[in-house]
Amino acid sequence: MDLENQKRVKELTEKYGAENIVVIFGAAEAESAGLSAETVTAGDPTFAGPLAGVELGLSVYHTVEPEFKEAVNADVYEEQISMMEMVLEVDEIVEEMSSIREQFTKY
Amino acid sequence: MNCSVVKAAGYVLVHTPDMILHNGTTQTTEKITNPDSEYLKKVPEHIRPYEEVVNYAPNQAYIGNITPEELKGYEMPWYDKDVPNSNRFGKFGEIMPQDEFIGLLKISDAFDLVKLEKEFVKVIKEKLSAHPFFNENDLAKIKEGEELSEIEVQVKDHHAEAIYNHGKLVGCVKKAHEIDVNLNAHVMYENLVVKASGILAFKHLLHNNKIDPAEIEYVIECSEEACGDMNQRGGGNFAKAIAESGEAINATGSDTRGFCAAPTHALIKAAALVQAGVYENVVIVAGGATAKLGMNGKDHVKKGLPILEDVLGGFAVLISKNDGVNPILRTDLVGRHTVGTGSSPQAVITSLITAPLDKGGLKITDIDKYSVEMQNPDVTKPAGAGDVPTSNYKMIAAIGVKRKELERKDLGSFVEKHGMPGWAPTQGHIPSGVPYLGFAREDLTEGKLNKVMIVGKGSLFLGRMTNLFDGVSIIMERNPGNIEEKVTGASKEEVKTMIAEAMRDFASHLLKE
């Protein structure tokens with residue numbers, strides 16, 4: 001996750017409280033989605049950005065996960081995301097995101 | 001409609017091992033944030049020698065020695081396999097070693113900002129004298145060189161940007177102004193690098209295709225750097241500077257920017273200028289970016305790979321008036337991501353891929369090859385970014401399924417048939433759509449293909465002026481050959497077809513009534 005986005009997540013969390021923040025990811029690969037999710041939960045694994053050593057423990061979901069799909073308007077999902085759902089390795093992404101949530105999410 | 005044609009293309013790579021550590025932003029950021037990091041210590045152990053870079057299959061594809069189809073035959077990963085009979089030079093260009101490129105930096109230096117060490121100058125002058133493009137005049141621009149001590153003082157006391165070759169200080173780029181940040185040594189270095197690598201691509205385009213530089217009327221430069229001073233940061237103009245160095249005495253030009261989408265924007269602009277009759281010969285050109293060297297280096301080192309982002313990329317393409325032979329650029333079949341398009345991948349693919357198809361009454365499968373973001377997957381996969389071209393092809397196929405032009409089970413075979421493996425270095429604008437233009441020209445003339453689509457996409461949000469994404473696309477097709485008929489209007493066949501269609505419409509209208 002780039003340094004600027006880390007800064008934005010950190011600032012929003014400070015402003016609204018970690019329990020009120022959900023981070024939605026759209027990364028195309030399970031690994032990169034997992035790395036970004038790790039950054040906003042357990043801290044920046046590369047120790048380069050503002051979230052290095054900061055355990056925000058935020059809620060994290062990917063757009064192709066069922067929790068997200070059920071929470072949004074079905075027509076909008078069809079229009080905006082169904083194509084990517086067909087393309088991405090959904091099972092791998094769900095597994096990766098679930099693992100991050102189990103390990104690091106506090107809310 | 002008398003379309004313009006893609007007449008010729010040149011592609012170059014420059015191996016820049018020392019610039020990875022000293023100028024790639026992943027490494028320079030690490031030096032600031034974590035100067036004693038294990039990563040920085042390990043970087044030198046993961047640098048490939050020049051020979052390996054030449055023997056690397058994607059690089060041989062980039063300069064035209066192996067085709068994308070042949071590249072498919074190489075099992076991945078590619079970095080641990082050599083291409084037999086690989087060559088520094090290819091039909092599109094070359095892979096230049098770093099020391100010669102440093103000489104070219106000096107040749108490209110109009111303001112005497114590059115200082116090179118005396119002994120180093122002797123070596124590179126001799127090497128460059130054997131190069132087919134550099135004559136006495138060019139070599140004279142390298143001058144005699146300076147004492148090493150003078151260069152050391154410039155770097156230590158005057159904020160000059162150091163130039164290293166195999167770990168040794170061999171020169172520097174001086175700042176061009178005392179206080180202007182846009183003319184500081186770092187910016188001048190990046191700008192001279194993009195100019196010099198652009199010049200190399202421009203020269204290959206002209207020399208390899210026996211094009212008289214005096215025939216070039218306009219140049220569009222489409223890299224991602226900006227030149228100017230504190231009063232106009234991106235004033236320009238790399239295009240004219242490159243044209244000057246390429247002896248295109250009748251040319252002027254301008255710079256087009258749009259992140260990675262810029263080359264395809266430039267291609268469409270060039271096509272329009274030629275088709276409108278404003279100019280007969282327009283070159284689009286771009287050099288490479290030092291900042292992106294070793295961008296994914298941390299992942300490569302962590303996984304025990306060589307740092308594969310060790311080359312600068314450059315390209316130059318000539319767009320000319322219709323010659324009845326070379327493939328035409330269908331300016332009537334252009335796709336564009338508009339302000340109102342939205343940023344979901346689905347919206348992006350629809351605007352870039354299916355909108356131009358619909359204009360031409362075409363199906364997804366009517367395009368023989370799509371040239372998308374042709375990033376080398378050997379570089380991106382170990383970094384967790386996946387295989388970018390393949391992801392793009394899957395998205396195009398998925399849209400095809402949604403449009404009912406393709407069965408879901410054929411998703412894989414679509415990718416195989418209409419896609420290509422990525423072979424371009426991850427230099428932002430360099431892999432975006434344009435790497436295929438050289439091969440496409442061949443495939444649409446001597447080869448078996450009839451239609452291809454060139455797609456460029458760009459991440460505008462990186463500039464923090466808009467959250468929008470961007471992209472444009474254009475269809476390129478085999479030249480029908482009949483220029484005159486196209487100029488004077490519809491052909492007999494077209495008139496017959498139009499009358500037949502009108503009659504059918506009329507008949508169906510009567511039947512309904």
# chains A, B, ... in the order shown; residues from 1 in each chain; ligands from 1
>>> interface_residues(of="chain B", to="chain A", cutoff="8 Å", atoms="only C-alpha atoms", output="number ranges by chain")
B: 30, 33-34, 344-347, 384-386, 391, 394-395, 398-399, 402
>>> write_last_selection(atoms="all heavy atoms", output="tab-separated table (two decimals), in the first residue's frame")
chain	number	residue	atom	x	y	z
B	30	GLU	N	14.17	4.02	0.32
B	30	GLU	CA	14.71	3.17	1.40
B	30	GLU	C	15.94	3.83	2.04
B	30	GLU	O	16.12	3.76	3.26
B	30	GLU	CB	15.08	1.80	0.80
B	30	GLU	CG	15.52	0.76	1.81
B	30	GLU	CD	14.36	0.10	2.56
B	30	GLU	OE1	13.21	0.55	2.39
B	30	GLU	OE2	14.63	-0.84	3.32
B	33	THR	N	14.41	6.39	4.42
B	33	THR	CA	13.61	5.91	5.55
B	33	THR	C	14.32	4.83	6.38
B	33	THR	O	14.06	4.69	7.56
B	33	THR	CB	12.26	5.32	5.07
B	33	THR	OG1	12.53	4.30	4.11
B	33	THR	CG2	11.38	6.39	4.43
B	34	ASN	N	15.20	4.08	5.73
B	34	ASN	CA	15.82	2.96	6.43
B	34	ASN	C	17.22	2.71	5.87
B	34	ASN	O	17.48	1.69	5.23
B	34	ASN	CB	14.91	1.72	6.21
B	34	ASN	CG	15.21	0.61	7.16
B	34	ASN	OD1	16.03	0.76	8.08
B	34	ASN	ND2	14.57	-0.53	6.95
B	344	SER	N	-14.87	1.69	-12.22
B	344	SER	CA	-14.85	0.24	-12.02
B	344	SER	C	-14.22	-0.40	-13.27
B	344	SER	O	-14.37	0.11	-14.37
B	344	SER	CB	-16.25	-0.30	-11.82
B	344	SER	OG	-16.96	-0.29	-13.03
B	345	PRO	N	-13.50	-1.52	-13.07
B	345	PRO	CA	-12.86	-2.18	-14.22
B	345	PRO	C	-13.87	-2.46	-15.34
B	345	PRO	O	-13.54	-2.36	-16.52
B	345	PRO	CB	-12.33	-3.48	-13.63
B	345	PRO	CG	-12.17	-3.22	-12.18
B	345	PRO	CD	-13.21	-2.22	-11.81
B	346	GLN	N	-15.09	-2.77	-14.93
B	346	GLN	CA	-16.13	-3.07	-15.91
B	346	GLN	C	-16.43	-1.85	-16.80
B	346	GLN	O	-16.53	-1.96	-18.02
B	346	GLN	CB	-17.39	-3.45	-15.15
B	346	GLN	CG	-18.31	-4.33	-15.91
B	346	GLN	CD	-19.20	-5.10	-14.94
B	346	GLN	OE1	-18.74	-5.55	-13.90
B	346	GLN	NE2	-20.46	-5.25	-15.27
B	347	ALA	N	-16.53	-0.70	-16.14
B	347	ALA	CA	-16.80	0.53	-16.89
B	347	ALA	C	-15.62	0.88	-17.79
B	347	ALA	O	-15.78	1.32	-18.93
B	347	ALA	CB	-17.08	1.67	-15.91
B	384	GLY	N	3.57	-9.96	-6.53
B	384	GLY	CA	2.17	-10.06	-6.09
B	384	GLY	C	1.21	-9.27	-6.95
B	384	GLY	O	0.05	-9.10	-6.60
B	385	ALA	N	1.68	-8.78	-8.10
B	385	ALA	CA	0.79	-7.99	-8.96
B	385	ALA	C	0.22	-8.84	-10.10
B	385	ALA	O	-0.49	-8.32	-10.96
B	385	ALA	CB	1.53	-6.78	-9.52
B	386	GLY	N	0.53	-10.11	-10.11
B	386	GLY	CA	-0.06	-11.02	-11.09
B	386	GLY	C	0.47	-10.82	-12.49
B	386	GLY	O	1.47	-10.13	-12.72
B	391	SER	N	-4.56	-10.74	-17.07
B	391	SER	CA	-5.73	-10.21	-16.35
B	391	SER	C	-6.58	-9.35	-17.27
B	391	SER	O	-7.81	-9.42	-17.25
B	391	SER	CB	-5.30	-9.35	-15.16
B	391	SER	OG	-4.48	-10.08	-14.32
B	394	LYS	N	-8.50	-11.56	-19.62
B	394	LYS	CA	-9.63	-12.21	-18.93
B	394	LYS	C	-10.79	-11.22	-18.80
B	394	LYS	O	-11.95	-11.60	-18.94
B	394	LYS	CB	-9.19	-12.69	-17.55
B	394	LYS	CG	-8.39	-13.97	-17.58
B	394	LYS	CD	-8.12	-14.40	-16.14
B	394	LYS	CE	-7.20	-15.58	-16.06
B	394	LYS	NZ	-6.70	-15.77	-14.68
B	395	MET	N	-10.46	-9.97	-18.51
B	395	MET	CA	-11.52	-8.96	-18.37
B	395	MET	C	-12.23	-8.74	-19.71
B	395	MET	O	-13.45	-8.63	-19.76
B	395	MET	CB	-10.94	-7.64	-17.86
B	395	MET	CG	-10.57	-7.67	-16.40
B	395	MET	SD	-10.23	-6.03	-15.77
B	395	MET	CE	-8.49	-5.90	-16.04
B	398	ALA	N	-14.40	-11.66	-20.25
B	398	ALA	CA	-15.57	-11.63	-19.36
B	398	ALA	C	-16.64	-10.68	-19.91
B	398	ALA	O	-17.84	-10.98	-19.83
B	398	ALA	CB	-15.15	-11.22	-17.95
B	399	ILE	N	-16.21	-9.56	-20.46
B	399	ILE	CA	-17.16	-8.63	-21.08
B	399	ILE	C	-17.81	-9.32	-22.29
B	399	ILE	O	-19.00	-9.17	-22.55
B	399	ILE	CB	-16.44	-7.32	-21.49
B	399	ILE	CG1	-16.26	-6.43	-20.27
B	399	ILE	CG2	-17.19	-6.57	-22.57
B	399	ILE	CD1	-17.53	-5.72	-19.79
B	402	LYS	N	-20.47	-11.47	-20.99
B	402	LYS	CA	-21.64	-10.67	-20.61
B	402	LYS	C	-22.42	-10.18	-21.83
B	402	LYS	O	-23.62	-10.01	-21.79
B	402	LYS	CB	-21.21	-9.48	-19.74
B	402	LYS	CG	-20.79	-9.89	-18.33
B	402	LYS	CD	-20.39	-8.71	-17.48
B	402	LYS	CE	-21.58	-7.96	-16.94
B	402	LYS	NZ	-22.34	-8.69	-15.94
>>> residues_around(residues="Phe104 (chain A)", least_positions_apart="2", cutoff="12 Å", atoms="only C-alpha atoms", output="ChimeraX atom specification")
/A:34,37-43,54-60,97-102,106-107
>>> closest_residue(among="B:Pro68, B:Gly463, B:Arg233, B:Ala266", to="Ser371 (chain B)", atoms="only C-alpha atoms")
B:Pro68
>>> atom_distance(atom1="CA of Tyr11 (chain B)", atom2="CA of Leu293 (chain B)")
17.9 Å
>>> closest_residue(among="A:Ala52, A:Val22, A:Ile93, A:Val64", to="Leu3 (chain A)", atoms="only C-alpha atoms")
A:Ala52
>>> atom_distance(atom1="CA of Ala262 (chain B)", atom2="CA of Gly10 (chain B)")
17.2 Å
>>> atom_distance(atom1="CA of Lys31 (chain B)", atom2="CA of Gln6 (chain A)")
19.6 Å
>>> select_by_dssp(residues="region 30-144 of chain B", states="strand (DSSP E)", output="ChimeraX atom specification")
/B:93-96,114-116
>>> residues_around(residues="Phe25 (chain A)", least_positions_apart="6", cutoff="7 Å", atoms="only C-alpha atoms", output="PyMOL selection string")
chain A and resi 33+61-63
>>> write_last_selection(atoms="all heavy atoms", output="mmCIF file, in the first residue's frame")
data_model
loop_
_atom_site.group_PDB
_atom_site.id
_atom_site.type_symbol
_atom_site.label_atom_id
_atom_site.label_comp_id
_atom_site.auth_asym_id
_atom_site.auth_seq_id
_atom_site.Cartn_x
_atom_site.Cartn_y
_atom_site.Cartn_z
ATOM 1 N N ALA A 33 -3.891 -8.131 -2.148
ATOM 2 C CA ALA A 33 -5.011 -7.739 -1.284
ATOM 3 C C ALA A 33 -4.645 -8.018 0.169
ATOM 4 O O ALA A 33 -4.875 -7.197 1.064
ATOM 5 C CB ALA A 33 -6.269 -8.506 -1.672
ATOM 6 N N TYR A 61 -12.400 -5.975 3.983
ATOM 7 C CA TYR A 61 -13.123 -6.860 3.059
ATOM 8 C C TYR A 61 -12.704 -6.576 1.630
ATOM 9 O O TYR A 61 -12.338 -5.451 1.292
ATOM 10 C CB TYR A 61 -14.643 -6.659 3.187
ATOM 11 C CG TYR A 61 -15.176 -7.155 4.508
ATOM 12 C CD1 TYR A 61 -15.349 -6.267 5.568
ATOM 13 C CD2 TYR A 61 -15.462 -8.504 4.698
ATOM 14 C CE1 TYR A 61 -15.814 -6.720 6.801
ATOM 15 C CE2 TYR A 61 -15.924 -8.958 5.931
ATOM 16 C CZ TYR A 61 -16.093 -8.068 6.975
ATOM 17 O OH TYR A 61 -16.538 -8.526 8.181
ATOM 18 N N HIS A 62 -12.782 -7.598 0.803
ATOM 19 C CA HIS A 62 -12.536 -7.429 -0.633
ATOM 20 C C HIS A 62 -13.897 -7.352 -1.337
ATOM 21 O O HIS A 62 -14.871 -7.960 -0.871
ATOM 22 C CB HIS A 62 -11.720 -8.607 -1.175
ATOM 23 C CG HIS A 62 -11.143 -8.358 -2.535
ATOM 24 N ND1 HIS A 62 -11.894 -8.451 -3.685
ATOM 25 C CD2 HIS A 62 -9.891 -7.998 -2.923
ATOM 26 C CE1 HIS A 62 -11.130 -8.166 -4.724
ATOM 27 N NE2 HIS A 62 -9.910 -7.879 -4.293
ATOM 28 N N THR A 63 -13.940 -6.667 -2.465
ATOM 29 C CA THR A 63 -15.220 -6.458 -3.162
ATOM 30 C C THR A 63 -15.849 -7.756 -3.668
ATOM 31 O O THR A 63 -17.044 -7.790 -3.932
ATOM 32 C CB THR A 63 -15.045 -5.520 -4.361
ATOM 33 O OG1 THR A 63 -13.974 -6.019 -5.151
ATOM 34 C CG2 THR A 63 -14.750 -4.098 -3.929
#
